[in-house]
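Student: If it helps, the file is called run25.cif and holds mmCIF, C-alpha atoms and all ligand atoms:
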```cif
data_entry
loop_
_atom_site.label_atom_id
_atom_site.label_comp_id
_atom_site.auth_asym_id
_atom_site.auth_seq_id
_atom_site.Cartn_x
_atom_site.Cartn_y
_atom_site.Cartn_z
CA MET A 128 -24.34 -10.98 -28.11
CA PHE A 129 -21.17 -9.12 -27.17
CA ILE A 130 -18.69 -10.37 -29.73
CA ASP A 131 -16.62 -7.26 -30.45
CA GLY A 132 -13.51 -6.56 -28.42
CA LEU A 133 -12.27 -3.23 -27.13
CA ASP A 134 -10.22 -2.57 -30.27
CA ILE A 135 -13.47 -2.53 -32.29
CA VAL A 136 -15.81 -0.93 -29.75
CA ASP A 137 -13.61 1.91 -28.51
CA LYS A 138 -10.41 2.65 -30.33
CA ASP A 139 -9.58 5.70 -28.18
CA VAL A 140 -9.56 3.81 -24.90
CA HIS A 141 -7.98 0.74 -26.51
CA ASP A 142 -5.08 2.78 -27.86
CA ALA A 143 -4.52 4.60 -24.57
CA ILE A 144 -4.36 1.24 -22.76
CA ALA A 145 -1.90 -0.09 -25.35
CA SER A 146 0.23 3.02 -24.89
CA GLU A 147 0.15 2.63 -21.11
CA ALA A 148 1.33 -0.99 -21.49
CA ARG A 149 4.17 0.23 -23.69
CA ARG A 150 5.08 3.00 -21.23
CA THR A 151 5.37 0.55 -18.33
CA ASP A 152 7.25 -2.01 -20.45
CA GLU A 153 9.82 0.49 -21.72
CA GLY A 154 10.29 2.36 -18.45
CA LEU A 155 11.31 1.66 -14.87
CA GLU A 156 8.57 1.85 -12.27
CA LEU A 157 10.06 3.04 -9.00
CA ILE A 158 6.98 4.34 -7.20
CA PRO A 159 7.06 2.24 -4.01
CA SER A 160 3.26 1.81 -3.85
CA GLU A 161 3.01 0.35 -7.36
CA ASN A 162 3.43 -3.16 -8.65
CA PHE A 163 2.54 -5.53 -11.49
CA PRO A 164 0.05 -8.24 -10.56
CA SER A 165 0.11 -11.49 -12.50
CA LYS A 166 -1.90 -12.17 -15.64
CA ALA A 167 -4.04 -14.54 -13.58
CA VAL A 168 -4.94 -11.73 -11.17
CA LEU A 169 -5.85 -9.42 -14.06
CA GLU A 170 -7.93 -12.19 -15.65
CA ALA A 171 -10.02 -12.59 -12.50
CA LEU A 172 -10.35 -8.80 -12.30
CA GLY A 173 -11.72 -8.60 -15.84
CA SER A 174 -14.19 -11.44 -15.33
CA VAL A 175 -17.97 -11.82 -15.05
CA MET A 176 -17.58 -11.54 -11.27
CA ASN A 177 -17.81 -7.80 -11.97
CA ASN A 178 -21.49 -8.18 -12.81
CA LYS A 179 -22.99 -9.47 -9.60
CA TYR A 180 -24.64 -7.68 -6.71
CA ALA A 181 -23.77 -9.46 -3.48
CA GLU A 182 -24.58 -7.10 -0.60
CA GLY A 183 -23.98 -8.95 2.64
CA TYR A 184 -21.51 -11.72 3.43
CA PRO A 185 -20.93 -15.33 2.31
CA PHE A 186 -21.85 -16.46 5.85
CA PHE A 187 -24.72 -15.76 8.19
CA ARG A 188 -24.06 -14.08 11.52
CA LYS A 189 -26.73 -14.76 14.16
CA LYS A 190 -27.80 -12.09 16.66
CA ASP A 191 -25.63 -13.73 19.35
CA GLY A 192 -22.60 -13.40 17.04
CA THR A 193 -22.34 -17.06 16.01
CA VAL A 194 -21.25 -17.39 12.39
CA LEU A 195 -22.89 -20.03 10.19
CA TRP A 196 -20.64 -20.73 7.21
CA ASN A 197 -23.17 -23.02 5.54
CA ARG A 198 -25.84 -20.32 5.36
CA THR A 199 -25.60 -17.32 3.03
CA GLY A 200 -25.86 -13.79 4.38
CA ARG A 201 -26.58 -12.10 1.04
CA TYR A 202 -29.45 -9.77 0.27
CA TYR A 203 -29.53 -10.89 -3.40
CA GLY A 204 -30.08 -14.25 -5.05
CA GLY A 205 -27.74 -16.07 -7.40
CA ASN A 206 -24.65 -15.80 -5.24
CA ARG A 207 -23.57 -19.46 -5.02
CA TYR A 208 -20.35 -18.98 -6.98
CA ILE A 209 -19.68 -15.54 -5.57
CA ASP A 210 -19.91 -17.09 -2.09
CA ILE A 211 -17.38 -19.76 -3.04
CA VAL A 212 -14.91 -17.14 -4.21
CA GLU A 213 -15.31 -14.77 -1.26
CA LYS A 214 -14.96 -17.67 1.20
CA ILE A 215 -11.75 -18.75 -0.54
CA ALA A 216 -10.44 -15.17 -0.35
CA ILE A 217 -11.21 -14.96 3.39
CA GLU A 218 -9.68 -18.37 4.17
CA ARG A 219 -6.49 -17.63 2.25
CA ALA A 220 -6.10 -14.17 3.79
CA LYS A 221 -6.50 -15.65 7.30
CA LYS A 222 -3.84 -18.24 6.53
CA LEU A 223 -1.49 -15.72 4.93
CA PHE A 224 -1.44 -13.38 7.93
CA GLY A 225 -2.54 -15.70 10.73
CA ALA A 226 -5.53 -13.45 11.37
CA ASP A 227 -8.61 -14.36 13.44
CA HIS A 228 -11.02 -12.59 11.13
CA VAL A 229 -10.72 -10.93 7.72
CA ASN A 230 -13.07 -8.71 5.77
CA VAL A 231 -12.05 -8.68 2.08
CA GLN A 232 -14.73 -6.24 0.90
CA PRO A 233 -13.11 -2.78 1.33
CA TYR A 234 -12.93 -1.02 -2.03
CA SER A 235 -9.49 0.42 -1.30
CA GLY A 236 -7.10 1.37 1.49
CA SER A 237 -8.71 4.70 2.32
CA PRO A 238 -12.27 3.40 2.81
CA ALA A 239 -10.87 0.47 4.80
CA ASN A 240 -9.32 2.88 7.31
CA ILE A 241 -12.44 5.02 7.57
CA GLU A 242 -14.49 1.85 8.09
CA VAL A 243 -12.31 0.90 11.06
CA TYR A 244 -12.80 4.34 12.65
CA PHE A 245 -16.53 4.09 12.00
CA ALA A 246 -16.59 0.66 13.67
CA LEU A 247 -14.64 1.57 16.81
CA LEU A 248 -15.24 5.27 17.46
CA GLU A 249 -17.85 7.98 17.86
CA PHE A 250 -17.43 11.14 15.76
CA GLY A 251 -15.30 13.61 17.70
CA ASP A 252 -13.30 10.92 19.50
CA LYS A 253 -9.57 11.42 19.71
CA ILE A 254 -7.28 9.48 17.35
CA MET A 255 -3.51 9.51 17.10
CA GLY A 256 -1.63 8.91 13.85
CA MET A 257 1.55 9.79 12.00
CA ASP A 258 1.70 13.23 10.40
CA LEU A 259 1.38 13.11 6.60
CA ALA A 260 4.27 15.57 6.24
CA GLN A 261 6.51 13.14 8.10
CA GLY A 262 5.44 9.94 6.40
CA GLY A 263 1.87 9.17 7.50
CA HIS A 264 -1.21 8.78 5.28
CA LEU A 265 -4.03 11.22 4.51
CA THR A 266 -6.50 8.91 6.23
CA HIS A 267 -4.49 8.97 9.46
CA GLY A 268 -6.12 12.26 10.42
CA HIS A 269 -4.99 14.87 7.88
CA GLY A 270 -7.06 18.06 8.00
CA VAL A 271 -8.31 17.84 4.41
CA ASN A 272 -9.39 14.21 4.83
CA PHE A 273 -12.62 12.87 6.34
CA SER A 274 -10.53 11.38 9.16
CA GLY A 275 -9.28 14.84 10.14
CA LYS A 276 -12.74 16.39 10.04
CA ALA A 277 -14.75 13.69 11.81
CA TYR A 278 -12.26 12.99 14.60
CA ASN A 279 -10.13 14.95 17.01
CA VAL A 280 -6.57 14.29 15.81
CA VAL A 281 -3.21 14.28 17.54
CA HIS A 282 -0.18 13.64 15.33
CA TYR A 283 3.18 12.14 16.08
CA GLY A 284 6.17 12.46 13.74
CA VAL A 285 9.78 11.42 13.54
CA ASP A 286 12.74 12.70 15.56
CA LYS A 287 14.29 15.84 14.11
CA GLU A 288 17.86 14.53 14.33
CA THR A 289 17.50 10.86 13.40
CA ASN A 290 14.27 11.04 11.35
CA LEU A 291 13.26 7.83 13.14
CA LEU A 292 10.12 7.13 15.16
CA ASP A 293 10.85 7.94 18.80
CA TYR A 294 8.75 5.49 20.82
CA ASP A 295 9.40 7.30 24.12
CA GLU A 296 8.00 10.51 22.65
CA ILE A 297 5.04 8.66 21.13
CA ARG A 298 4.33 7.06 24.52
CA LYS A 299 4.49 10.44 26.29
CA LEU A 300 2.12 11.96 23.75
CA ALA A 301 -0.30 9.05 24.13
CA GLU A 302 -0.21 9.29 27.93
CA ARG A 303 -0.89 13.01 27.81
CA GLU A 304 -3.58 12.95 25.11
CA LYS A 305 -5.32 9.64 25.92
CA PRO A 306 -6.53 8.90 22.36
CA LYS A 307 -9.17 6.23 21.79
CA LEU A 308 -7.28 4.80 18.82
CA ILE A 309 -3.58 4.75 17.95
CA ILE A 310 -2.75 4.26 14.27
CA SER A 311 0.67 3.03 13.17
CA GLY A 312 1.90 2.53 9.64
CA ALA A 313 3.26 4.89 7.00
CA THR A 314 3.60 5.77 3.34
CA ALA A 315 7.11 7.20 3.40
CA TYR A 316 9.11 5.69 6.24
CA PRO A 317 12.22 3.78 5.11
CA ARG A 318 12.73 1.83 8.31
CA LYS A 319 11.04 -0.98 10.21
CA ILE A 320 8.15 -0.16 12.52
CA ASP A 321 7.92 -1.75 15.97
CA PHE A 322 4.26 -2.71 15.96
CA LYS A 323 4.53 -4.54 19.28
CA GLU A 324 5.73 -1.33 20.94
CA PHE A 325 2.84 0.60 19.36
CA ASP A 326 0.40 -2.00 20.66
CA ASP A 327 1.92 -1.87 24.15
CA ILE A 328 1.53 1.92 24.21
CA ALA A 329 -2.10 1.63 23.10
CA LYS A 330 -2.88 -1.01 25.73
CA ASP A 331 -1.22 1.08 28.46
CA VAL A 332 -3.37 4.14 27.70
CA GLY A 333 -6.56 2.15 27.06
CA ALA A 334 -6.68 2.83 23.32
CA TYR A 335 -7.53 0.54 20.44
CA SER A 336 -4.47 -0.31 18.35
CA MET A 337 -4.50 -0.31 14.58
CA ALA A 338 -1.71 -0.93 12.08
CA ASP A 339 -2.05 0.14 8.47
CA ILE A 340 0.40 -2.04 6.53
CA ALA A 341 -0.69 -0.90 3.05
CA HIS A 342 2.89 -0.45 1.88
CA ILE A 343 4.57 -3.37 3.60
CA ALA A 344 1.99 -6.18 3.60
CA GLY A 345 4.08 -8.21 1.13
CA LEU A 346 7.16 -7.77 3.32
CA VAL A 347 5.17 -8.97 6.34
CA VAL A 348 4.02 -12.05 4.41
CA GLY A 349 7.62 -12.63 3.32
CA GLY A 350 8.89 -12.50 6.89
CA VAL A 351 11.13 -9.48 6.28
CA HIS A 352 9.05 -7.15 8.45
CA MET A 353 7.49 -7.73 11.88
CA SER A 354 3.81 -8.63 11.59
CA PRO A 355 1.39 -6.52 13.63
CA VAL A 356 -1.33 -9.16 13.35
CA PRO A 357 -0.49 -11.10 16.56
CA TYR A 358 -0.66 -7.89 18.61
CA MET A 359 -2.97 -5.29 17.14
CA ASP A 360 -6.74 -5.08 17.55
CA VAL A 361 -7.08 -4.22 13.87
CA VAL A 362 -4.79 -4.34 10.83
CA THR A 363 -5.70 -2.81 7.49
CA THR A 364 -3.89 -3.22 4.20
CA THR A 365 -4.23 -2.50 0.55
CA THR A 366 -3.86 -5.50 -1.73
CA HIS A 367 -2.19 -3.76 -4.69
CA LYS A 368 1.15 -2.60 -3.29
CA THR A 369 3.82 -5.09 -2.13
CA LEU A 370 1.10 -7.75 -1.85
CA ARG A 371 0.90 -7.61 -5.68
CA GLY A 372 -2.83 -8.15 -6.07
CA PRO A 373 -5.67 -6.08 -7.51
CA ARG A 374 -6.38 -2.51 -6.40
CA GLY A 375 -8.33 -3.02 -3.18
CA ALA A 376 -7.98 -3.60 0.54
CA MET A 377 -8.91 -5.74 3.51
CA ILE A 378 -9.34 -5.46 7.25
CA MET A 379 -8.03 -8.04 9.73
CA CYS A 380 -9.10 -8.06 13.35
CA LYS A 381 -9.40 -10.00 16.55
CA GLU A 382 -12.48 -12.23 16.79
CA GLY A 383 -14.14 -9.97 19.37
CA LEU A 384 -14.27 -7.05 16.91
CA ALA A 385 -15.36 -9.07 13.86
CA ALA A 386 -19.07 -8.25 14.02
CA LYS A 387 -18.41 -4.52 14.54
CA ILE A 388 -15.94 -4.34 11.64
CA ASP A 389 -18.19 -6.27 9.27
CA LYS A 390 -21.17 -4.07 10.13
CA ALA A 391 -19.11 -0.91 9.55
CA VAL A 392 -18.03 -2.11 6.07
CA PHE A 393 -21.53 -3.21 5.08
CA PRO A 394 -24.04 -1.66 5.56
CA GLY A 395 -22.12 1.06 7.41
CA MET A 396 -19.99 2.44 4.60
CA GLN A 397 -20.30 0.35 1.43
CA GLY A 398 -22.97 -1.23 -0.70
CA GLY A 399 -22.33 -4.06 -3.13
CA PRO A 400 -18.86 -5.54 -2.77
CA HIS A 401 -16.62 -5.61 -5.87
CA GLU A 402 -16.61 -9.37 -6.32
CA HIS A 403 -14.32 -9.26 -9.37
CA ALA A 404 -11.73 -7.56 -7.17
CA ILE A 405 -12.38 -10.11 -4.42
CA ALA A 406 -11.82 -12.95 -6.93
CA ALA A 407 -8.55 -11.29 -7.95
CA LYS A 408 -7.58 -10.88 -4.27
CA ALA A 409 -8.16 -14.62 -3.80
CA VAL A 410 -5.78 -15.36 -6.69
CA ALA A 411 -3.13 -12.97 -5.34
CA PHE A 412 -3.38 -14.57 -1.89
CA LYS A 413 -2.81 -18.00 -3.47
CA GLU A 414 0.31 -16.65 -5.16
CA ALA A 415 1.50 -15.03 -1.92
CA LEU A 416 1.06 -18.34 -0.05
CA GLU A 417 3.54 -20.01 -2.37
CA PRO A 418 7.14 -20.30 -1.10
CA GLY A 419 8.45 -18.22 -4.01
CA PHE A 420 6.70 -15.14 -2.63
CA LYS A 421 9.04 -15.11 0.37
CA ASP A 422 11.99 -15.00 -2.05
CA TYR A 423 10.28 -12.13 -3.84
CA ALA A 424 9.84 -10.18 -0.59
CA ARG A 425 13.43 -10.77 0.46
CA GLN A 426 14.65 -9.62 -2.95
CA ILE A 427 12.58 -6.40 -2.72
CA VAL A 428 14.53 -5.45 0.42
CA LYS A 429 17.91 -6.56 -0.99
CA ASN A 430 17.23 -4.48 -4.09
CA ALA A 431 16.18 -1.44 -2.07
CA GLN A 432 19.39 -1.67 -0.04
CA ALA A 433 21.51 -2.11 -3.17
CA LEU A 434 19.78 0.88 -4.79
CA ALA A 435 20.24 2.94 -1.61
CA ASP A 436 23.94 2.11 -1.39
CA ALA A 437 24.52 2.90 -5.06
CA LEU A 438 22.63 6.22 -4.76
CA MET A 439 24.75 7.23 -1.76
CA GLU A 440 27.89 6.31 -3.71
CA ASN A 441 26.60 8.71 -6.37
CA GLY A 442 26.44 11.51 -3.81
CA PHE A 443 22.76 11.34 -2.89
CA LYS A 444 21.65 12.03 0.67
CA LEU A 445 19.01 9.58 1.91
CA VAL A 446 16.66 10.16 4.82
CA THR A 447 17.96 7.91 7.67
CA ASP A 448 20.97 7.12 5.43
CA GLY A 449 19.46 4.00 3.94
CA THR A 450 16.51 1.67 4.14
CA ASP A 451 15.44 -1.60 5.69
CA ASN A 452 12.27 -2.02 3.71
CA HIS A 453 11.20 -1.47 0.09
CA LEU A 454 11.40 2.31 0.10
CA ILE A 455 13.97 5.09 -0.18
CA LEU A 456 13.46 8.78 0.56
CA VAL A 457 16.00 10.98 -1.21
CA ASP A 458 16.79 14.42 0.23
CA LEU A 459 17.69 16.44 -2.87
CA ARG A 460 18.76 19.65 -1.13
CA ASN A 461 22.48 19.06 -1.84
CA LYS A 462 21.74 18.49 -5.55
CA GLY A 463 20.31 21.91 -6.38
CA ILE A 464 16.99 20.52 -7.65
CA THR A 465 13.49 20.26 -6.17
CA GLY A 466 11.44 17.06 -5.93
CA LYS A 467 9.08 18.38 -8.59
CA ASP A 468 11.83 19.04 -11.15
CA ALA A 469 13.56 15.75 -10.34
CA GLU A 470 10.30 13.84 -10.87
CA ALA A 471 9.84 15.55 -14.27
CA ALA A 472 13.44 14.89 -15.38
CA LEU A 473 13.26 11.25 -14.37
CA ASP A 474 9.90 10.89 -16.13
CA ALA A 475 11.50 12.23 -19.31
CA SER A 476 14.17 9.53 -18.86
CA GLY A 477 11.61 6.74 -18.52
CA ILE A 478 11.99 6.43 -14.75
CA THR A 479 8.82 6.91 -12.73
CA VAL A 480 9.15 8.21 -9.16
CA ASN A 481 7.12 10.60 -7.05
CA LYS A 482 8.04 13.88 -5.47
CA ASN A 483 7.70 13.66 -1.71
CA THR A 484 8.19 15.81 1.36
CA ILE A 485 11.06 14.83 3.62
CA PRO A 486 10.70 15.21 7.41
CA TYR A 487 10.78 18.89 8.47
CA ASP A 488 10.66 19.92 4.81
CA THR A 489 10.56 23.65 4.15
CA GLY A 490 9.03 23.01 0.72
CA THR A 491 5.36 22.27 0.01
CA PRO A 492 3.73 18.93 -0.90
CA TRP A 493 3.44 20.30 -4.46
CA ASN A 494 7.10 21.33 -4.55
CA PRO A 495 8.93 19.36 -1.87
CA SER A 496 12.64 18.71 -1.31
CA GLY A 497 12.59 14.99 -1.93
CA ILE A 498 11.64 12.07 -4.10
CA ARG A 499 10.43 8.66 -2.99
CA LEU A 500 11.62 5.47 -4.67
CA GLY A 501 10.83 1.81 -4.19
CA THR A 502 11.73 -1.58 -5.59
CA PRO A 503 8.54 -3.75 -5.54
CA ALA A 504 7.75 -3.33 -9.26
CA VAL A 505 11.27 -3.70 -10.65
CA THR A 506 11.76 -6.76 -8.41
CA THR A 507 8.58 -8.28 -9.88
CA ARG A 508 10.23 -7.90 -13.30
CA GLY A 509 13.11 -10.08 -12.10
CA MET A 510 15.73 -7.38 -11.60
CA ASN A 511 18.33 -7.78 -8.89
CA GLU A 512 21.25 -5.97 -7.27
CA SER A 513 23.28 -5.47 -10.45
CA GLU A 514 20.35 -3.75 -12.19
CA MET A 515 19.91 -1.53 -9.11
CA LYS A 516 23.43 -0.21 -9.63
CA GLU A 517 22.57 0.63 -13.24
CA ILE A 518 19.35 2.32 -12.16
CA ALA A 519 21.19 4.45 -9.58
CA SER A 520 23.58 5.55 -12.31
CA PHE A 521 20.65 6.46 -14.62
CA ILE A 522 19.07 8.48 -11.80
CA SER A 523 22.29 10.27 -11.02
CA ARG A 524 22.93 11.15 -14.65
CA ALA A 525 19.33 12.30 -15.16
CA ILE A 526 19.49 14.64 -12.15
CA ASP A 527 22.79 16.09 -13.36
CA ALA A 528 21.33 16.52 -16.84
CA ALA A 529 18.27 18.27 -15.42
CA VAL A 530 20.40 20.67 -13.40
CA ALA A 531 22.47 21.37 -16.54
CA LYS A 532 19.23 21.66 -18.62
CA ASP A 533 20.71 19.12 -21.04
CA GLU A 534 17.73 17.62 -22.89
CA ALA A 535 19.89 15.57 -25.24
CA ALA A 536 21.45 13.81 -22.25
CA LEU A 537 17.97 12.99 -20.88
CA GLU A 538 17.02 11.45 -24.22
CA LYS A 539 20.18 9.34 -24.19
CA ILE A 540 19.36 8.10 -20.70
CA ARG A 541 15.83 7.26 -21.83
CA LEU A 542 17.23 4.98 -24.54
CA GLY A 543 19.49 3.29 -21.99
CA VAL A 544 16.54 2.77 -19.64
CA LYS A 545 14.50 1.32 -22.50
CA GLU A 546 17.25 -1.12 -23.35
CA LEU A 547 17.60 -2.31 -19.75
CA ALA A 548 13.81 -2.65 -19.41
CA SER A 549 13.54 -4.65 -22.64
CA ASN A 550 15.43 -7.53 -20.98
CA PHE A 551 12.70 -7.78 -18.33
CA PRO A 552 9.31 -8.01 -20.10
CA ILE A 553 6.32 -7.71 -17.75
CA TYR A 554 3.49 -9.61 -19.43
CA GLY A 555 5.32 -10.81 -22.54
C1 LIG B 1 -1.72 3.55 -0.06
C2 LIG B 1 -2.09 3.73 1.36
C3 LIG B 1 -3.43 3.84 1.75
C4 LIG B 1 -4.57 4.12 0.80
O1 LIG B 1 -4.86 3.26 -0.13
P1 LIG B 1 -5.79 3.66 -1.37
O2 LIG B 1 -6.07 2.32 -1.93
O3 LIG B 1 -4.98 4.55 -2.23
O4 LIG B 1 -7.00 4.33 -0.85
C5 LIG B 1 -3.71 3.88 3.10
N1 LIG B 1 -2.74 3.82 4.03
C6 LIG B 1 -1.44 3.75 3.69
C7 LIG B 1 -0.41 3.71 4.76
C8 LIG B 1 -1.07 3.72 2.34
O5 LIG B 1 0.22 3.68 2.01
#
```
Please express the file's structure as structure tokens.
Ligand SMILES: *Cc1c(COP(=O)(O)O)cnc(C)c1O
Tutor:
Amino acid sequence: MFIDGLDIVDKDVHDAIASEARRTDEGLELIPSENFPSKAVLEALGSVMNNKYAEGYPFFRKKDGTVLWNRTGRYYGGNRYIDIVEKIAIERAKKLFGADHVNVQPYSGSPANIEVYFALLEFGDKIMGMDLAQGGHLTHGHGVNFSGKAYNVVHYGVDKETNLLDYDEIRKLAEREKPKLIISGATAYPRKIDFKEFDDIAKDVGAYSMADIAHIAGLVVGGVHMSPVPYMDVVTTTTHKTLRGPRGAMIMCKEGLAAKIDKAVFPGMQGGPHEHAIAAKAVAFKEALEPGFKDYARQIVKNAQALADALMENGFKLVTDGTDNHLILVDLRNKGITGKDAEAALDASGITVNKNTIPYDTGTPWNPSGIRLGTPAVTTRGMNESEMKEIASFISRAIDAAVAKDEAALEKIRLGVKELASNFPIYG
């Protein structure tokens, strides 16, 4: 019945997709939250698993909490193959992180976080999370976000001198404010996070502990960042960042919270799970369980450090003077350019980054003093330390060209970027 492909059915969308593929192939993707999943992941994502309604779970939970894996918990028929796939996804995720319980249904990172709050808290309860302006996430209690409106929020940030998390200050704040939940995890913090310390603080003040490892999940799997899973009550993560899977998320928790978390995801917050995304998550987890993924994670960090060193050699000032994860925050104030203009100049050169506030920024989120870079996507393409040096040089030249308003120089850099990228095809 459906025999025509996208090129026949919808030329406009087909052509835009082809152009996007060309843009990513010819450019350098340095946004730290982006990555290229494998063809196999994309194949599962574009499969018939998209078509099925599967409200409920691939297991049956009795009133007393006992889970029966041989009985379906779906509200719709026809789910035998869907159940197979979701069970595989759950099993692999548990193995990957050593988690007691995993829910693979969250549509994305933001709903996953809200689902955890919904499971553990009453509206109006006090939560404590990292300030967005200093590296936290919108869903960690920002005023414009649901989390900031439904809950009473206290924020911690980084130290003004070192720009590092100050665990003594965080402990003092927690002791004074007595939150019901302490959230750790960040979107723009270039250093390791001591999740055990966060969990200790939460336990000492009687709060639930939650880590949001959206950015660093792949590094945790690769053993290059401490895992929060052994300590924390709940851990959330996206699956599309360093974990290199489909756009989506999951929630891990201790056995005692499993029923509450599952109920908050469905029927609490979501309806039918996106089973095509769950199939793709299962594939990504299989890939991440392979030994090669650890090499990948290690190389992400090596590349980030090589890029950081080369940028500093080119006169750039980095927040915390370097990185020990996948991410670099550049403070552009000594370069005479704003984050917004730097993002635009780099975009014109084929290098994709995002403008970002730096801690204690006097600029606005729309026109901040920094840019944020990361190495997960270029590492997926097979680039290593020597390419990072070249990239730092491209960035440096592009910023100088932007300050000098030299468009011809930007075009020359774009051709150089294209040539470098052509040696590292993504899906070719
Ligand atoms: C990316 C991110 C999220 C949100 O994920 P979405 O899938 O964009 O909703 C949540 N928390 C942190 C720390 C993130 O970096």
Student: Measuring atom to atom with only C-alpha atoms and all ligand atoms, identify which of A:Ala472, A:Ala415, A:Met337, A:Leu547 is nearest to ligand LIG 1 (chain B).
Tutor: A:Met337
Student: Which residues are near ligand LIG 1 (chain B) - at most 12 Å, using only C-alpha atoms and all ligand atoms? Format: as a ChimeraX atom specification.
Tutor: /A:158-161,233-242,256-259,262-269,272,274,310-316,337-344,362-370,372-378,454
Student: Put those residues in a file: C-alpha atoms, as a short mmCIF file (atom, residue, chain, number, x, y, z; two decimals), keeping the file's coordinate frame.
Tutor:
```cif
data_model
loop_
_atom_site.label_atom_id
_atom_site.label_comp_id
_atom_site.auth_asym_id
_atom_site.auth_seq_id
_atom_site.Cartn_x
_atom_site.Cartn_y
_atom_site.Cartn_z
CA ILE A 158 6.98 4.34 -7.20
CA PRO A 159 7.06 2.24 -4.01
CA SER A 160 3.26 1.81 -3.85
CA GLU A 161 3.01 0.35 -7.36
CA PRO A 233 -13.11 -2.78 1.33
CA TYR A 234 -12.93 -1.02 -2.03
CA SER A 235 -9.49 0.42 -1.30
CA GLY A 236 -7.10 1.37 1.49
CA SER A 237 -8.71 4.70 2.32
CA PRO A 238 -12.27 3.40 2.81
CA ALA A 239 -10.87 0.47 4.80
CA ASN A 240 -9.32 2.88 7.31
CA ILE A 241 -12.44 5.02 7.57
CA GLU A 242 -14.49 1.85 8.09
CA GLY A 256 -1.63 8.91 13.85
CA MET A 257 1.55 9.79 12.00
CA ASP A 258 1.70 13.23 10.40
CA LEU A 259 1.38 13.11 6.60
CA GLY A 262 5.44 9.94 6.40
CA GLY A 263 1.87 9.17 7.50
CA HIS A 264 -1.21 8.78 5.28
CA LEU A 265 -4.03 11.22 4.51
CA THR A 266 -6.50 8.91 6.23
CA HIS A 267 -4.49 8.97 9.46
CA GLY A 268 -6.12 12.26 10.42
CA HIS A 269 -4.99 14.87 7.88
CA ASN A 272 -9.39 14.21 4.83
CA SER A 274 -10.53 11.38 9.16
CA ILE A 310 -2.75 4.26 14.27
CA SER A 311 0.67 3.03 13.17
CA GLY A 312 1.90 2.53 9.64
CA ALA A 313 3.26 4.89 7.00
CA THR A 314 3.60 5.77 3.34
CA ALA A 315 7.11 7.20 3.40
CA TYR A 316 9.11 5.69 6.24
CA MET A 337 -4.50 -0.31 14.58
CA ALA A 338 -1.71 -0.93 12.08
CA ASP A 339 -2.05 0.14 8.47
CA ILE A 340 0.40 -2.04 6.53
CA ALA A 341 -0.69 -0.90 3.05
CA HIS A 342 2.89 -0.45 1.88
CA ILE A 343 4.57 -3.37 3.60
CA ALA A 344 1.99 -6.18 3.60
CA VAL A 362 -4.79 -4.34 10.83
CA THR A 363 -5.70 -2.81 7.49
CA THR A 364 -3.89 -3.22 4.20
CA THR A 365 -4.23 -2.50 0.55
CA THR A 366 -3.86 -5.50 -1.73
CA HIS A 367 -2.19 -3.76 -4.69
CA LYS A 368 1.15 -2.60 -3.29
CA THR A 369 3.82 -5.09 -2.13
CA LEU A 370 1.10 -7.75 -1.85
CA GLY A 372 -2.83 -8.15 -6.07
CA PRO A 373 -5.67 -6.08 -7.51
CA ARG A 374 -6.38 -2.51 -6.40
CA GLY A 375 -8.33 -3.02 -3.18
CA ALA A 376 -7.98 -3.60 0.54
CA MET A 377 -8.91 -5.74 3.51
CA ILE A 378 -9.34 -5.46 7.25
CA LEU A 454 11.40 2.31 0.10
#
```
Student: Do a neighbour search on A:Asp422 at 12 Å with all atoms listed in the file, toss out local chain neighbours closer than 3 positions, and write the hits as a compact mmCIF listing (two decimals) with C-alpha atoms, keeping the file's coordinate frame.
Tutor:
```
# COMPACT_ATOMS: atom_id res chain seq x y z
CA GLY A 345 4.08 -8.21 1.13
CA LEU A 346 7.16 -7.77 3.32
CA VAL A 348 4.02 -12.05 4.41
CA GLY A 349 7.62 -12.63 3.32
CA GLY A 350 8.89 -12.50 6.89
CA VAL A 351 11.13 -9.48 6.28
CA ALA A 415 1.50 -15.03 -1.92
CA LEU A 416 1.06 -18.34 -0.05
CA GLU A 417 3.54 -20.01 -2.37
CA PRO A 418 7.14 -20.30 -1.10
CA GLY A 419 8.45 -18.22 -4.01
CA ARG A 425 13.43 -10.77 0.46
CA GLN A 426 14.65 -9.62 -2.95
CA ILE A 427 12.58 -6.40 -2.72
CA VAL A 428 14.53 -5.45 0.42
CA LYS A 429 17.91 -6.56 -0.99
CA ASN A 430 17.23 -4.48 -4.09
CA THR A 506 11.76 -6.76 -8.41
CA THR A 507 8.58 -8.28 -9.88
CA GLY A 509 13.11 -10.08 -12.10
CA ASN A 511 18.33 -7.78 -8.89
```
Student: Go through A:Pro164, A:Asp191, A:Ala406, A:Leu300 one by one, measure the shortest atom-to-atom distance of each to A:Lys214 using only C-alpha atoms, and give the residue with the smallest value.
Tutor: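 Smallest separation from A:Lys214 among the options: A:Ala406.
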Student: In Å to one decimal, how far is atom CA of A:Leu500 from atom CA of A:Val480?
Tutor: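 Calculated distance between atom CA of A:Val480 and atom CA of A:Leu500 is 5.8 Å.
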Student: Give me, as a PyMOL selection string, all polymer residues having an atom no more than 9 Å from stretch 456-469 of chain A, counting all atoms listed in the file and skipping those fewer than 6 positions away in the same chain.
Tutor: chain A and resi 315-317+438+442-447+449-450+480-485+490+493-501+525-527+529-530
Student: Do a neighbour search on A:Asp360 at 6 Å with all atoms listed in the file, toss out local chain neighbours closer than 3 positions, and write the hits as an MDAnalysis selection string.
Tutor: chainID A and resid 336 380:381
